[in-house]
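These notes are about the structure you will find just below.
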Amino acid sequence: YPVSTGYGLVTHFYNVRSKMVPAQARRLCTIGDYLAMRLCGSSAPVMDASNAASLGLFDLRNREFDRDAVNKTGIDPSILPMLAGNDNPLVGRTGDGKPVFCAIGDNQASFIGAVAKAEDSLLVNVGTGSQISVYSNTYENIAGLDTRPFPGGGYLLVGASLSGGKSYELLERFFREICHAFTGLEMSDSALFEAMNRLAAASLEADEALPLVGTQFYGTRHKPDAAGTITGLNALNMR
């Protein structure tokens with residue numbers, strides 16, 4: 001199973017090896033699962049597969065933790081939370097009878113909140129990083145894409161980069177340093193971004209052959225040492 005720093009079971013593995021797990025610890029869960037548990041007055045978390053997969057060592061095809069794999073790491077599988085069924089995401093009820101449903105993965109939640117119909121939609125999201133997400137009703141293993149459980153069944157296929165809007169911010173900082181180096185002046189964020197937007201729009205309208213920029217300035221999820229590139233520069237477009 002591909003796991004890395006930040007996965008819940010990776011952190012727990014470190015804590016087990018370092019003898020840092022409190023003796024009274026009983027279950028792992030995310031903050032959302034803990035909140036749902038507390039709202040219901042329960043003492044045991046119930047996790048949706050879309051959150052559980054983010055802990056690691058999760059069998060995506062069967063939508064359950066691989067307890068044998070967990071056991072081989074030296075982690076006691078009893079620490080794993082109970083999983084909700086696809087057709088029964090109810091955690092419980094509040095003291096006054098309001099139903100509380102499982103917390104779900106943030107990427108899956110953004111997809112559900114943004115598209116009208118999961119089966120017919122492709123979502124592109126650009127923030128600090130960037131993502132392209134598409135729903136599949138069957139398990140798929142495609143190179144370069146993450147396969148993530150979808151609440152209620154099915155999967156979300158996700159292409160996620162480490163640099164989306166962060167690349168634009170990096171370009172703005174580059175221009176800021178160039179301006180200061182040549183003029184000694186400090187420009188405001190808004191002025192630089194407005195100028196960048198104006199110049200970009202003018203270049204697109206001019207229908208010119210533009211340089212191509214590979215924005216892997218922070219590496220990629222699969223190749224952390226990858227670097228950014230600029231190709232296609234010539235005497236006409238370098239102005």
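Every chain in the structure tokens takes a letter, A first, then B, and so on in the order presented; its residues are numbered from 1, and the ligands are numbered from 1 following the presented order.
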>> Among stretch 33-154 of chain A, which residues does DSSP mark as strand (DSSP E or B) when it is run on the backbone? Keep the chain and numbering as in the structure and answer as JSON, numbers by chain.
In response: {"A": [46, 47, 58, 59, 64, 65, 82, 83, 85, 88, 90, 91, 92, 93, 99, 100, 101, 122, 123, 124, 125, 126, 130, 131, 132, 133, 134, 135, 136, 146, 147, 148, 149]}
>> I'd like to know which of A:Gly85, A:Pro77, A:Gly228, A:Gly95 is closest to A:Ser42, using only C-alpha atoms.
In response: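 Smallest separation from A:Ser42 among the options: A:Gly95.
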Can you tell me, as a CSV table (one decimal) with all heavy atoms, in the first residue's frame, what residues are no more than 8 Å from stretch 9-26 of chain A when counting only C-alpha atoms, ignoring any on the same chain fewer than 3 positions away?
```csv
chain,number,residue,atom,x,y,z
A,3,VAL,N,1.8,4.6,1.2
A,3,VAL,CA,1.5,5.5,2.4
A,3,VAL,C,2.7,6.4,2.5
A,3,VAL,O,3.8,6.2,2.1
A,3,VAL,CB,1.3,4.7,3.7
A,3,VAL,CG1,0.1,3.8,3.6
A,3,VAL,CG2,2.6,3.8,4.0
A,4,SER,N,2.4,7.6,3.1
A,4,SER,CA,3.4,8.6,3.3
A,4,SER,C,3.1,9.4,4.6
A,4,SER,O,2.1,9.2,5.2
A,4,SER,CB,3.4,9.5,2.1
A,4,SER,OG,2.2,10.2,1.9
A,5,THR,N,4.0,10.3,4.9
A,5,THR,CA,3.8,11.1,6.1
A,5,THR,C,2.5,11.8,6.0
A,5,THR,O,2.2,12.4,5.0
A,5,THR,CB,5.0,12.1,6.2
A,5,THR,OG1,6.2,11.4,6.3
A,5,THR,CG2,4.8,13.0,7.4
A,6,GLY,N,1.8,11.8,7.1
A,6,GLY,CA,0.5,12.5,7.1
A,6,GLY,C,-0.7,11.5,7.2
A,6,GLY,O,-1.8,11.8,7.7
A,55,LEU,N,-6.7,7.1,6.2
A,55,LEU,CA,-5.8,6.7,7.3
A,55,LEU,C,-4.7,5.8,6.7
A,55,LEU,O,-3.6,5.6,7.3
A,55,LEU,CB,-6.6,5.9,8.3
A,55,LEU,CG,-7.6,6.7,9.1
A,55,LEU,CD1,-8.3,5.8,10.2
A,55,LEU,CD2,-7.0,7.9,9.8
A,56,GLY,N,-4.9,5.1,5.6
A,56,GLY,CA,-3.9,4.2,5.0
A,56,GLY,C,-4.2,2.8,5.2
A,56,GLY,O,-5.1,2.4,6.0
A,57,LEU,N,-3.5,1.9,4.5
A,57,LEU,CA,-3.7,0.4,4.6
A,57,LEU,C,-5.2,0.0,4.4
A,57,LEU,O,-5.7,-0.8,5.1
A,57,LEU,CB,-3.2,-0.1,5.9
A,57,LEU,CG,-1.7,0.2,6.2
A,57,LEU,CD1,-1.2,-0.5,7.5
A,57,LEU,CD2,-0.8,-0.3,5.1
A,73,THR,N,2.4,-4.7,10.5
A,73,THR,CA,3.2,-3.6,10.9
A,73,THR,C,3.5,-3.5,12.4
A,73,THR,O,4.3,-2.7,12.9
A,73,THR,CB,2.5,-2.3,10.5
A,73,THR,OG1,1.3,-2.1,11.3
A,73,THR,CG2,2.1,-2.2,9.1
A,74,GLY,N,2.8,-4.4,13.2
A,74,GLY,CA,2.9,-4.3,14.6
A,74,GLY,C,1.9,-3.5,15.3
A,74,GLY,O,1.8,-3.3,16.5
A,75,ILE,N,0.9,-3.0,14.5
A,75,ILE,CA,-0.2,-2.2,15.0
A,75,ILE,C,-1.3,-3.2,15.4
A,75,ILE,O,-1.6,-4.1,14.6
A,75,ILE,CB,-0.7,-1.2,14.0
A,75,ILE,CG1,0.3,-0.1,13.7
A,75,ILE,CG2,-2.0,-0.5,14.4
A,75,ILE,CD1,0.0,0.8,12.6
A,78,SER,N,-7.3,-3.7,16.6
A,78,SER,CA,-8.4,-3.3,17.3
A,78,SER,C,-8.5,-1.8,17.5
A,78,SER,O,-9.6,-1.3,17.9
A,78,SER,CB,-8.4,-3.9,18.7
A,78,SER,OG,-7.3,-3.4,19.5
A,79,ILE,N,-7.4,-1.1,17.1
A,79,ILE,CA,-7.5,0.4,17.2
A,79,ILE,C,-8.3,1.0,16.0
A,79,ILE,O,-8.6,2.1,16.0
A,79,ILE,CB,-6.0,0.9,17.1
A,79,ILE,CG1,-6.0,2.4,17.6
A,79,ILE,CG2,-5.4,0.9,15.7
A,79,ILE,CD1,-6.1,2.5,19.1
```
> Got a sec: who's within 9 Å of A:Gly165, counting only C-alpha atoms, leaving out chain neighbours fewer than 2 positions off, as a list in words?
Replying inline: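 Surrounding residues, per the criterion: Val126, Gly127, Thr128, Gly129, Ser130, Ser163, Ser167, Tyr168, Glu169 and Leu170 of chain A.
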Keeping C-alpha atoms, export the residues of the selection given above as a PDB file, in the first residue's frame.
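Result went into part_6.pdb, see below:
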```pdb
ATOM      1  CA  VAL A 126      -7.807  25.300  -8.534  1.00  0.00           C
ATOM      2  CA  GLY A 127      -6.793  26.543  -5.117  1.00  0.00           C
ATOM      3  CA  THR A 128      -3.331  26.469  -3.580  1.00  0.00           C
ATOM      4  CA  GLY A 129      -2.986  23.111  -5.337  1.00  0.00           C
ATOM      5  CA  SER A 130      -5.288  21.846  -8.070  1.00  0.00           C
ATOM      6  CA  SER A 163       0.849  23.466  -7.321  1.00  0.00           C
ATOM      7  CA  SER A 167       2.297  28.678  -9.072  1.00  0.00           C
ATOM      8  CA  TYR A 168       0.629  32.006  -9.824  1.00  0.00           C
ATOM      9  CA  GLU A 169       1.654  33.277  -6.399  1.00  0.00           C
ATOM     10  CA  LEU A 170       5.231  32.174  -7.094  1.00  0.00           C
TER      11      LEU A 170
END
```
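Each of A:Pro211, A:Lys117, A:Ala202, A:Glu172 was checked against A:Ser190 using only C-alpha atoms; the smallest atom-to-atom distance is that of A:Glu172.
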> Using only C-alpha atoms, which residue out of A:Phe101, A:Phe193, A:Phe65, A:Tyr7 lies closest to A:Leu35?
Replying inline: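 So, comparing all the options, the nearest one is A:Phe101.
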> DSSP says alpha helix (DSSP H) for which residues of stretch 173-205 of chain A? Put them as a VMD selection string?
Replying inline: chain A and resid 173 to 183 189 to 205
>> Please list as a PyMOL selection string every residue within 12 Å of A:Ala118, counting only C-alpha atoms and excluding residues in the same chain fewer than 2 positions away.
In response: chain A and resi 108-116+120-123+133-137+150-157
>> Calculated over only C-alpha atoms, which of the candidates A:Met187, A:Cys179, A:Leu233, A:Ala53 has the smallest distance to A:Arg148?
In response: A:Ala53
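The spacing separating atom CA of A:Val46 from atom CA of A:Asp33 amounts to 6.6 Å.
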>> Taking 6 positions as the minimum chain separation for residues in the same chain, which residues sit within 10 Å of A:Asn141 when counting only C-alpha atoms? Answer as a ChimeraX atom specification.
In response: /A:60-61,147,157
> So, counting only C-alpha atoms, which residue among A:Asp68, A:Asn237, A:Ala227, A:Met37 is closest to A:Ser203?
Replying inline: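 Smallest distance to A:Ser203 is found for A:Asn237.
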> Counting only C-alpha atoms, what is within 12 Å of A:Met238, bar same-chain residues fewer than 5 positions away, as a PyMOL selection string?
Replying inline: chain A and resi 203+208-212+230-233
